[in-house]
Amino acid sequence: MRMSRSVLATVVAAAAVGTFLAVPAHSAAVPAEGVYYVQSATTGLNAAVNGTAVEQHNPKGNEDRQQWTLRASGSSRSSEAEGAYVLESTDAAGTCLGRSAGQARTVACTSSDAAWTMTPVGSDRYTLKDPSAASYLTVGAKASGSNYPAQLALGAAGSLANWYLTPVASPTAPMPSPAERTLDQVTFLTTHNAYANGVDGGFAPPFVNLVPNQTRGINQQLADGVRGFMLDIHQTSDGAILCHNSCTLVSRPVALWVDLQRMVDFLKRNPDQVVTVFLEDYVDAGVLRSELARVSGLSDVLYRPDQTGVRQNGWPRMADLIAANRRLLIFSDHSRASDQSAGLTRDSFGVMYQKEWTVENYWSMGGGVGDSNWACYSRWYDANTNIPLTRTEPNFRPLFVMNHFRDVGITGTATTDNTKLTDRAQRFCQPAARKKPNFLAVDHYDRGNPAAAVNTLNTYVYP
């Protein structure tokens with residue numbers, strides 16, 4: 001059933017007065033002196049040292065020479081008042097982010113080419129200008145059908161010349177009380193390929209079926225505190241079916257509606273809980289709509305952020321979602337444009353387009369064994385798409401889905417990776433997104449205690 005007008009008004013009002021910490025307007029010319037990432041407001045990528053070049057690279061902590069110490073360029077108060085600052089590499093004392101022949105280069109910190117005039121250009125964004133010329137540190141212009149170039153340059157003012165100075169040590173504030181915390185302030189344990197568990201049914205062709213991503217069924221995952229579920233759906237003559245890559249040769253596959261029914265039934269038994277579903281979605285919109293119609297009670301708990309003023313007012317308080325009984329969110333990675341071409345959009349029946357409401361880092365940390373890649377960058381940043389992890393809107397902060405798993409869900413590897421989840425979230429992904437992860441997605445959630453990382457992140461908010 002649809003939300004009543006009185007309940008809808010309550011949720012909208014709650015969203016309007018939700019107590020999340022808004023990013024403050026600039027109150028000083030530049031941030032305090034300290035160690036920062038110089039992060040493009042356009043791409044979300046960081047300025048990194050490569051030889052004598054300064055390039056934009058995927059955020060990777062300080063494993064890639066991406067950290068800079070901000071300080072006044074001289075010791076006198078006059079130079080500080082004039083806005084002259086330098087950014088010294090933390091990897092090479094006396095070497096600063098500077099410029100040469102129209103490009104960003106490392107130069108001696110004593111050189112006049114190392115000084116920058118920094119000017120606020122809105123909430124927490126700055127330009128870095130050559131004090132003696134109308135030239136700004138910029139991302140190179142993007143050619144048609146390609147990524148923005150790695151080499152940073154000197155250019156005109158504009159969006160490509162806007163930068164975040166992101167603290168290496170993330171700022172935090174205490175988590176508000178349960179009655180006041182908003183949806184975007186909370187972190188949820190999330191299972192990657194939750195359906196691929198070998199308990200509820202088959203999920204892949206032979207051999208692949210021998211390497212599940214999880215080892216407990218959906219009901220047990222819910223009982224253990226999992227509140228986010230990543231599900232792959234493929235279209236067959238039986239509807240929307242949960243399979244990995246293909247449903248061909250899969251024995252005893254599970255239908256989407258079956259797992260959704262498990263979640264709805266859990267929510268009925270636990271009226272203070274909230275669940276989110278992420279669909280890797282390969283089915284027609286009409287097929288998905290029919291599949292959802294089979295889930296008894298779904299409409300009673302489905303939450304529609306598109307109908308409750310979230311973009312205008314921010315995410316509502318958890319307590320208000322619970323009071324309104326709007327406690328299940330469903331996102332799809334399907335293309336809105338393709339649905340519009342076909343004449344039926346998923347949000348018309350309550351499934352949100354994920355790219356419009358979330359940001360998400362690239363899904364793979366590497367193969368099933370061997371060294372891992374902790375770089376944290378957008379899954380949706382390529383030649384055709386530009387949705388940086390840092391994306392925000394004036395009154396709206398997308399939810400951040402943090403993927404922390406390998407190409408193959410090897411149990412031993414996942415166990416080790418899961419013990420490092422807090423460290424990666426706080427030192428790598430949180431600064432990369434300039435927001436706290438809301439969904440920590442892992443393989444084998446019952447190994448390595450990823451719930452401890454969730455508990456740690458739920459003690460604070462990123463203002």
# chains A, B, ... in the order shown; residues from 1 in each chain; ligands from 1
$ select_by_dssp --residues "region 98-275 of chain A" --states "strand (DSSP E)" --output "VMD selection string"
chain A and resid 98 to 100 103 to 108 116 to 120 125 to 129 136 to 139 152 to 155 163 to 167 173 to 174 188 to 191 228 to 236 239 to 242 254 to 255 275
$ residues_around --residues "region 105-115 of chain A" --least-positions-apart "6" --cutoff "12 Å" --atoms "only C-alpha atoms" --output "ChimeraX atom specification"
/A:47-56,65,68-75,79-80,82-89,91-99,128-133,135-137,151-154
$ select_by_dssp --residues "region 283-364 of chain A" --states "helix (DSSP H, G or I)" --output "ChimeraX atom specification"
/A:285-293,298-301,305-307,310-313,318-324,336-342,346-349,354-357
$ closest_atom_pairs --of "region 240-282 of chain A" --to "region 338-356 of chain A" --cutoff "10 Å" --atoms "only C-alpha atoms" --output "JSON lines"
{"residue": "A:Val277", "atom": "CA", "partner": "A:Val351", "partner_atom": "CA", "distance": 9.7}
{"residue": "A:Phe278", "atom": "CA", "partner": "A:Gln354", "partner_atom": "CA", "distance": 7.9}
{"residue": "A:Leu279", "atom": "CA", "partner": "A:Gln354", "partner_atom": "CA", "distance": 8.8}
{"residue": "A:Glu280", "atom": "CA", "partner": "A:Gln354", "partner_atom": "CA", "distance": 10.0}
$ write_last_selection --atoms "all heavy atoms" --output "PDB file, in the first residue's frame"
ATOM      1  N   VAL A 277      18.753  -3.826  -0.040  1.00  0.00           N
ATOM      2  CA  VAL A 277      19.082  -4.812  -1.069  1.00  0.00           C
ATOM      3  C   VAL A 277      19.688  -4.088  -2.265  1.00  0.00           C
ATOM      4  O   VAL A 277      19.166  -3.056  -2.713  1.00  0.00           O
ATOM      5  CB  VAL A 277      17.822  -5.592  -1.506  1.00  0.00           C
ATOM      6  CG1 VAL A 277      18.135  -6.517  -2.684  1.00  0.00           C
ATOM      7  CG2 VAL A 277      17.268  -6.392  -0.332  1.00  0.00           C
ATOM      8  N   PHE A 278      20.802  -4.630  -2.778  1.00  0.00           N
ATOM      9  CA  PHE A 278      21.452  -4.099  -3.970  1.00  0.00           C
ATOM     10  C   PHE A 278      21.387  -5.162  -5.060  1.00  0.00           C
ATOM     11  O   PHE A 278      21.918  -6.262  -4.884  1.00  0.00           O
ATOM     12  CB  PHE A 278      22.915  -3.747  -3.669  1.00  0.00           C
ATOM     13  CG  PHE A 278      23.088  -2.728  -2.583  1.00  0.00           C
ATOM     14  CD1 PHE A 278      23.279  -3.127  -1.263  1.00  0.00           C
ATOM     15  CD2 PHE A 278      23.047  -1.375  -2.867  1.00  0.00           C
ATOM     16  CE1 PHE A 278      23.436  -2.189  -0.250  1.00  0.00           C
ATOM     17  CE2 PHE A 278      23.200  -0.428  -1.866  1.00  0.00           C
ATOM     18  CZ  PHE A 278      23.393  -0.830  -0.550  1.00  0.00           C
ATOM     19  N   LEU A 279      20.759  -4.828  -6.167  1.00  0.00           N
ATOM     20  CA  LEU A 279      20.579  -5.785  -7.253  1.00  0.00           C
ATOM     21  C   LEU A 279      21.573  -5.528  -8.373  1.00  0.00           C
ATOM     22  O   LEU A 279      21.637  -4.419  -8.925  1.00  0.00           O
ATOM     23  CB  LEU A 279      19.160  -5.678  -7.822  1.00  0.00           C
ATOM     24  CG  LEU A 279      18.008  -5.969  -6.864  1.00  0.00           C
ATOM     25  CD1 LEU A 279      16.676  -5.753  -7.570  1.00  0.00           C
ATOM     26  CD2 LEU A 279      18.100  -7.388  -6.299  1.00  0.00           C
ATOM     27  N   GLU A 280      22.380  -6.546  -8.684  1.00  0.00           N
ATOM     28  CA  GLU A 280      23.108  -6.556  -9.947  1.00  0.00           C
ATOM     29  C   GLU A 280      22.115  -7.144 -10.942  1.00  0.00           C
ATOM     30  O   GLU A 280      21.862  -8.341 -10.951  1.00  0.00           O
ATOM     31  CB  GLU A 280      24.372  -7.399  -9.849  1.00  0.00           C
ATOM     32  CG  GLU A 280      25.245  -7.305 -11.089  1.00  0.00           C
ATOM     33  CD  GLU A 280      26.587  -7.995 -10.906  1.00  0.00           C
ATOM     34  OE1 GLU A 280      27.198  -7.853  -9.831  1.00  0.00           O
ATOM     35  OE2 GLU A 280      27.011  -8.687 -11.857  1.00  0.00           O
TER      36      GLU A 280
END
$ residues_around --residues "Ser237 (chain A)" --least-positions-apart "5" --cutoff "12 Å" --atoms "only C-alpha atoms" --output "list in words"
Cys247, Thr248, Ala255, Val283 and Val287 of chain A
$ atom_distance --atom1 "CA of Pro388 (chain A)" --atom2 "CA of Tyr148 (chain A)"
12.5 Å
$ closest_residue --among "A:Val301, A:Val408, A:Val121, A:Ala425" --to "Pro450 (chain A)" --atoms "only C-alpha atoms"
A:Ala425
$ closest_atom_pairs --of "region 311-411 of chain A" --to "region 215-228 of chain A" --cutoff "10 Å" --atoms "only C-alpha atoms" --output "Markdown table"
| residue | atom | partner | partner_atom | distance |
| --- | --- | --- | --- | --- |
| A:Leu328 | CA | A:Arg227 | CA | 9.8 |
| A:Leu329 | CA | A:Gly228 | CA | 9.5 |
| A:Ile330 | CA | A:Gly228 | CA | 9.9 |
| A:Val401 | CA | A:Gly228 | CA | 9.8 |
| A:Thr411 | CA | A:Thr215 | CA | 9.3 |
$ residues_around --residues "Pro253 (chain A)" --least-positions-apart "4" --cutoff "7 Å" --atoms "only C-alpha atoms" --output "number ranges by chain"
A: 201-203, 241-243
$ residues_around --residues "Val258 (chain A)" --least-positions-apart "3" --cutoff "12 Å" --atoms "only C-alpha atoms" --output "list in words"
Tyr195, Asp200, Gly201, Ile218, Asn219, Gly239, Ala240, Ile241, Leu242, Pro253, Val254, Ala255, Gln261, Arg262, Met263, Val264, Asp265, Glu291, Leu292, Ala293, Arg294, Val295, Ser296 and Leu298 of chain A
$ residues_around --residues "Pro305 (chain A)" --least-positions-apart "5" --cutoff "10 Å" --atoms "only C-alpha atoms" --output "ChimeraX atom specification"
/A:11-12,310-311,314-316,326,329,350,352,357
$ write_last_selection --atoms "all heavy atoms" --output "CSV table (one decimal), in the first residue's frame"
chain,number,residue,atom,x,y,z
A,11,VAL,N,7.6,11.6,7.7
A,11,VAL,CA,9.0,11.3,7.2
A,11,VAL,C,9.6,12.4,6.6
A,11,VAL,O,10.8,12.7,6.8
A,11,VAL,CB,8.8,10.1,6.3
A,11,VAL,CG1,10.2,9.8,5.7
A,11,VAL,CG2,8.3,8.9,7.0
A,12,VAL,N,8.9,13.2,5.8
A,12,VAL,CA,9.5,14.4,5.1
A,12,VAL,C,10.0,15.4,6.2
A,12,VAL,O,11.1,15.9,6.1
A,12,VAL,CB,8.5,15.1,4.2
A,12,VAL,CG1,9.0,16.4,3.7
A,12,VAL,CG2,8.2,14.1,3.0
A,310,VAL,N,14.1,13.4,0.1
A,310,VAL,CA,15.5,13.1,0.5
A,310,VAL,C,16.5,14.0,-0.2
A,310,VAL,O,17.4,14.6,0.4
A,310,VAL,CB,15.9,11.6,0.4
A,310,VAL,CG1,17.4,11.4,0.5
A,310,VAL,CG2,15.1,10.8,1.3
A,311,ARG,N,16.3,14.2,-1.5
A,311,ARG,CA,17.2,15.1,-2.2
A,311,ARG,C,17.2,16.5,-1.8
A,311,ARG,O,18.2,17.2,-1.9
A,311,ARG,CB,17.0,15.0,-3.7
A,311,ARG,CG,17.4,13.7,-4.3
A,311,ARG,CD,17.6,13.8,-5.8
A,311,ARG,NE,18.1,12.5,-6.3
A,311,ARG,CZ,19.4,12.2,-6.3
A,311,ARG,NH1,20.3,13.0,-5.8
A,311,ARG,NH2,19.8,11.0,-6.8
A,314,GLY,N,17.9,15.8,2.8
A,314,GLY,CA,18.8,14.8,3.4
A,314,GLY,C,18.0,13.6,3.8
A,314,GLY,O,16.8,13.5,3.8
A,315,TRP,N,18.8,12.6,4.2
A,315,TRP,CA,18.2,11.3,4.6
A,315,TRP,C,17.5,11.4,6.0
A,315,TRP,O,17.9,12.2,6.8
A,315,TRP,CB,19.3,10.2,4.7
A,315,TRP,CG,19.9,9.9,3.4
A,315,TRP,CD1,21.1,10.4,2.9
A,315,TRP,CD2,19.4,9.0,2.4
A,315,TRP,NE1,21.3,9.9,1.7
A,315,TRP,CE2,20.3,9.0,1.3
A,315,TRP,CE3,18.3,8.2,2.4
A,315,TRP,CZ2,20.1,8.2,0.2
A,315,TRP,CZ3,18.1,7.4,1.2
A,315,TRP,CH2,19.0,7.4,0.2
A,316,PRO,N,16.4,10.7,6.2
A,316,PRO,CA,15.7,10.8,7.4
A,316,PRO,C,16.3,10.1,8.6
A,316,PRO,O,17.3,9.3,8.4
A,316,PRO,CB,14.3,10.2,7.1
A,316,PRO,CG,14.7,9.2,6.0
A,316,PRO,CD,15.8,9.8,5.2
A,326,ARG,N,8.9,2.1,7.2
A,326,ARG,CA,9.5,2.1,5.9
A,326,ARG,C,10.9,1.6,6.0
A,326,ARG,O,11.8,2.4,6.2
A,326,ARG,CB,9.4,3.5,5.3
A,326,ARG,CG,8.0,4.0,5.1
A,326,ARG,CD,7.3,3.1,4.1
A,326,ARG,NE,5.8,3.1,4.2
A,326,ARG,CZ,5.0,2.3,3.6
A,326,ARG,NH1,5.5,1.4,2.7
A,326,ARG,NH2,3.7,2.4,3.8
A,329,LEU,N,14.9,-0.9,1.7
A,329,LEU,CA,15.3,-0.2,0.5
A,329,LEU,C,15.8,-1.2,-0.6
A,329,LEU,O,16.5,-2.1,-0.2
A,329,LEU,CB,16.4,0.8,0.8
A,329,LEU,CG,16.1,2.0,1.7
A,329,LEU,CD1,16.2,1.7,3.1
A,329,LEU,CD2,17.0,3.2,1.3
A,350,GLY,N,9.1,1.3,-7.1
A,350,GLY,CA,9.8,1.3,-5.8
A,350,GLY,C,11.2,0.9,-5.8
A,350,GLY,O,11.8,0.8,-4.7
A,352,MET,N,15.0,1.8,-6.6
A,352,MET,CA,15.7,3.0,-6.9
A,352,MET,C,16.9,2.6,-7.8
A,352,MET,O,17.5,1.6,-7.7
A,352,MET,CB,16.2,3.6,-5.6
A,352,MET,CG,15.1,4.0,-4.6
A,352,MET,SD,14.0,5.3,-5.3
A,352,MET,CE,12.6,4.4,-5.8
A,357,TRP,N,21.5,7.4,-6.0
A,357,TRP,CA,21.4,7.5,-4.6
A,357,TRP,C,22.6,7.1,-3.8
A,357,TRP,O,22.7,7.3,-2.6
A,357,TRP,CB,20.2,6.6,-4.1
A,357,TRP,CG,18.9,7.1,-4.8
A,357,TRP,CD1,18.3,6.6,-5.9
A,357,TRP,CD2,18.0,8.1,-4.3
A,357,TRP,NE1,17.1,7.2,-6.1
A,357,TRP,CE2,17.0,8.2,-5.2
A,357,TRP,CE3,18.1,9.0,-3.2
A,357,TRP,CZ2,15.9,9.1,-5.0
A,357,TRP,CZ3,17.1,10.0,-3.1
A,357,TRP,CH2,16.0,10.0,-4.0
$ atom_distance --atom1 "CA of Trp363 (chain A)" --atom2 "CA of Ala452 (chain A)"
21.2 Å
$ residues_around --residues "Asn245 (chain A)" --least-positions-apart "5" --cutoff "12 Å" --atoms "only C-alpha atoms" --output "ChimeraX atom specification"
/A:193,196,203-205,208-209,231-235,250,280-282
$ write_last_selection --atoms "N, CA and C atoms" --output "short mmCIF file (atom, residue, chain, number, x, y, z; two decimals), in the first residue's frame"
data_model
loop_
_atom_site.label_atom_id
_atom_site.label_comp_id
_atom_site.auth_asym_id
_atom_site.auth_seq_id
_atom_site.Cartn_x
_atom_site.Cartn_y
_atom_site.Cartn_z
N ASN A 193 27.30 -10.99 -2.88
CA ASN A 193 26.71 -12.23 -3.40
C ASN A 193 26.09 -13.05 -2.27
N ALA A 196 24.84 -16.51 -2.92
CA ALA A 196 25.81 -17.54 -3.33
C ALA A 196 26.40 -18.19 -2.09
N PHE A 203 23.74 -21.71 -7.14
CA PHE A 203 23.89 -20.31 -7.53
C PHE A 203 24.78 -20.13 -8.75
N ALA A 204 25.41 -21.20 -9.25
CA ALA A 204 26.33 -21.08 -10.38
C ALA A 204 26.50 -22.44 -11.04
N PRO A 205 27.05 -22.46 -12.25
CA PRO A 205 27.34 -23.74 -12.90
C PRO A 205 28.33 -24.56 -12.09
N VAL A 208 32.21 -23.52 -10.41
CA VAL A 208 32.03 -22.21 -9.79
C VAL A 208 31.18 -22.36 -8.53
N ASN A 209 30.21 -23.27 -8.58
CA ASN A 209 29.33 -23.53 -7.46
C ASN A 209 30.10 -24.05 -6.24
N LEU A 231 22.67 -8.99 -4.45
CA LEU A 231 22.06 -10.11 -5.14
C LEU A 231 22.17 -9.92 -6.65
N ASP A 232 22.57 -10.96 -7.37
CA ASP A 232 22.62 -10.94 -8.83
C ASP A 232 21.36 -11.61 -9.37
N ILE A 233 20.65 -10.93 -10.25
CA ILE A 233 19.43 -11.53 -10.81
C ILE A 233 19.53 -11.64 -12.32
N HIS A 234 19.12 -12.81 -12.83
CA HIS A 234 19.11 -13.09 -14.26
C HIS A 234 17.71 -13.52 -14.67
N GLN A 235 17.40 -13.26 -15.91
CA GLN A 235 16.05 -13.54 -16.40
C GLN A 235 15.98 -14.91 -17.04
N VAL A 250 22.63 -24.40 -13.62
CA VAL A 250 22.54 -24.23 -12.18
C VAL A 250 21.44 -25.14 -11.64
N GLU A 280 22.38 -6.55 -8.68
CA GLU A 280 23.11 -6.56 -9.95
C GLU A 280 22.11 -7.14 -10.94
N ASP A 281 21.58 -6.31 -11.80
CA ASP A 281 20.25 -6.51 -12.37
C ASP A 281 20.31 -6.73 -13.88
N TYR A 282 19.97 -7.96 -14.30
CA TYR A 282 20.02 -8.31 -15.72
C TYR A 282 18.64 -8.72 -16.23
#
$ decode --residues "region 260-285 of chain A" --atoms "N, CA, C and O atoms" --output "mmCIF file, in the first residue's frame"
data_model
loop_
_atom_site.group_PDB
_atom_site.id
_atom_site.type_symbol
_atom_site.label_atom_id
_atom_site.label_comp_id
_atom_site.auth_asym_id
_atom_site.auth_seq_id
_atom_site.Cartn_x
_atom_site.Cartn_y
_atom_site.Cartn_z
ATOM 1 N N LEU A 260 13.619 -12.218 -0.987
ATOM 2 C CA LEU A 260 12.966 -10.993 -0.516
ATOM 3 C C LEU A 260 11.884 -11.312 0.505
ATOM 4 O O LEU A 260 11.693 -10.563 1.477
ATOM 5 N N GLN A 261 11.194 -12.411 0.311
ATOM 6 C CA GLN A 261 10.173 -12.796 1.285
ATOM 7 C C GLN A 261 10.804 -13.100 2.639
ATOM 8 O O GLN A 261 10.258 -12.739 3.692
ATOM 9 N N ARG A 262 11.964 -13.747 2.627
ATOM 10 C CA ARG A 262 12.675 -14.000 3.878
ATOM 11 C C ARG A 262 12.984 -12.691 4.600
ATOM 12 O O ARG A 262 12.863 -12.589 5.831
ATOM 13 N N MET A 263 13.389 -11.677 3.831
ATOM 14 C CA MET A 263 13.734 -10.390 4.444
ATOM 15 C C MET A 263 12.498 -9.677 4.974
ATOM 16 O O MET A 263 12.515 -9.104 6.075
ATOM 17 N N VAL A 264 11.420 -9.682 4.206
ATOM 18 C CA VAL A 264 10.183 -9.036 4.662
ATOM 19 C C VAL A 264 9.657 -9.727 5.910
ATOM 20 O O VAL A 264 9.225 -9.063 6.871
ATOM 21 N N ASP A 265 9.696 -11.045 5.929
ATOM 22 C CA ASP A 265 9.238 -11.773 7.121
ATOM 23 C C ASP A 265 10.102 -11.443 8.336
ATOM 24 O O ASP A 265 9.596 -11.299 9.457
ATOM 25 N N PHE A 266 11.410 -11.303 8.115
ATOM 26 C CA PHE A 266 12.299 -10.907 9.205
ATOM 27 C C PHE A 266 11.929 -9.522 9.727
ATOM 28 O O PHE A 266 11.902 -9.292 10.951
ATOM 29 N N LEU A 267 11.667 -8.594 8.824
ATOM 30 C CA LEU A 267 11.298 -7.244 9.251
ATOM 31 C C LEU A 267 9.988 -7.235 10.037
ATOM 32 O O LEU A 267 9.829 -6.457 10.984
ATOM 33 N N LYS A 268 9.062 -8.083 9.676
ATOM 34 C CA LYS A 268 7.806 -8.173 10.436
ATOM 35 C C LYS A 268 8.063 -8.653 11.863
ATOM 36 O O LYS A 268 7.425 -8.180 12.807
ATOM 37 N N ARG A 269 9.006 -9.584 12.009
ATOM 38 C CA ARG A 269 9.321 -10.117 13.337
ATOM 39 C C ARG A 269 10.214 -9.171 14.134
ATOM 40 O O ARG A 269 10.301 -9.285 15.364
ATOM 41 N N ASN A 270 10.895 -8.258 13.438
ATOM 42 C CA ASN A 270 11.857 -7.360 14.094
ATOM 43 C C ASN A 270 11.550 -5.924 13.673
ATOM 44 O O ASN A 270 12.205 -5.373 12.769
ATOM 45 N N PRO A 271 10.580 -5.289 14.284
ATOM 46 C CA PRO A 271 10.079 -3.989 13.809
ATOM 47 C C PRO A 271 11.021 -2.814 14.011
ATOM 48 O O PRO A 271 10.688 -1.698 13.621
ATOM 49 N N ASP A 272 12.203 -3.056 14.590
ATOM 50 C CA ASP A 272 13.159 -1.963 14.777
ATOM 51 C C ASP A 272 14.362 -2.086 13.846
ATOM 52 O O ASP A 272 15.363 -1.379 14.022
ATOM 53 N N GLN A 273 14.285 -2.955 12.839
ATOM 54 C CA GLN A 273 15.419 -3.187 11.942
ATOM 55 C C GLN A 273 15.152 -2.619 10.545
ATOM 56 O O GLN A 273 14.002 -2.493 10.123
ATOM 57 N N VAL A 274 16.248 -2.306 9.843
ATOM 58 C CA VAL A 274 16.193 -1.767 8.486
ATOM 59 C C VAL A 274 17.102 -2.623 7.604
ATOM 60 O O VAL A 274 18.218 -2.973 8.006
ATOM 61 N N VAL A 275 16.642 -2.967 6.405
ATOM 62 C CA VAL A 275 17.379 -3.824 5.481
ATOM 63 C C VAL A 275 17.489 -3.131 4.127
ATOM 64 O O VAL A 275 16.555 -2.441 3.695
ATOM 65 N N THR A 276 18.630 -3.321 3.460
ATOM 66 C CA THR A 276 18.851 -2.750 2.130
ATOM 67 C C THR A 276 19.298 -3.849 1.179
ATOM 68 O O THR A 276 20.131 -4.694 1.538
ATOM 69 N N VAL A 277 18.753 -3.826 -0.040
ATOM 70 C CA VAL A 277 19.082 -4.812 -1.069
ATOM 71 C C VAL A 277 19.688 -4.088 -2.265
ATOM 72 O O VAL A 277 19.166 -3.056 -2.713
ATOM 73 N N PHE A 278 20.802 -4.630 -2.778
ATOM 74 C CA PHE A 278 21.452 -4.099 -3.970
ATOM 75 C C PHE A 278 21.387 -5.162 -5.060
ATOM 76 O O PHE A 278 21.918 -6.262 -4.884
ATOM 77 N N LEU A 279 20.759 -4.828 -6.167
ATOM 78 C CA LEU A 279 20.579 -5.785 -7.253
ATOM 79 C C LEU A 279 21.573 -5.528 -8.373
ATOM 80 O O LEU A 279 21.637 -4.419 -8.925
ATOM 81 N N GLU A 280 22.380 -6.546 -8.684
ATOM 82 C CA GLU A 280 23.108 -6.556 -9.947
ATOM 83 C C GLU A 280 22.115 -7.144 -10.942
ATOM 84 O O GLU A 280 21.862 -8.341 -10.951
ATOM 85 N N ASP A 281 21.579 -6.306 -11.799
ATOM 86 C CA ASP A 281 20.251 -6.510 -12.370
ATOM 87 C C ASP A 281 20.314 -6.727 -13.878
ATOM 88 O O ASP A 281 20.620 -5.806 -14.636
ATOM 89 N N TYR A 282 19.975 -7.956 -14.299
ATOM 90 C CA TYR A 282 20.016 -8.306 -15.717
ATOM 91 C C TYR A 282 18.639 -8.722 -16.229
ATOM 92 O O TYR A 282 18.537 -9.532 -17.143
ATOM 93 N N VAL A 283 17.578 -8.169 -15.661
ATOM 94 C CA VAL A 283 16.232 -8.565 -16.073
ATOM 95 C C VAL A 283 15.458 -7.356 -16.591
ATOM 96 O O VAL A 283 15.786 -6.203 -16.299
ATOM 97 N N ASP A 284 14.423 -7.634 -17.358
ATOM 98 C CA ASP A 284 13.534 -6.569 -17.828
ATOM 99 C C ASP A 284 12.751 -5.987 -16.658
ATOM 100 O O ASP A 284 12.425 -6.690 -15.689
ATOM 101 N N ALA A 285 12.418 -4.711 -16.766
ATOM 102 C CA ALA A 285 11.695 -4.055 -15.677
ATOM 103 C C ALA A 285 10.364 -4.745 -15.389
ATOM 104 O O ALA A 285 9.978 -4.901 -14.230
#
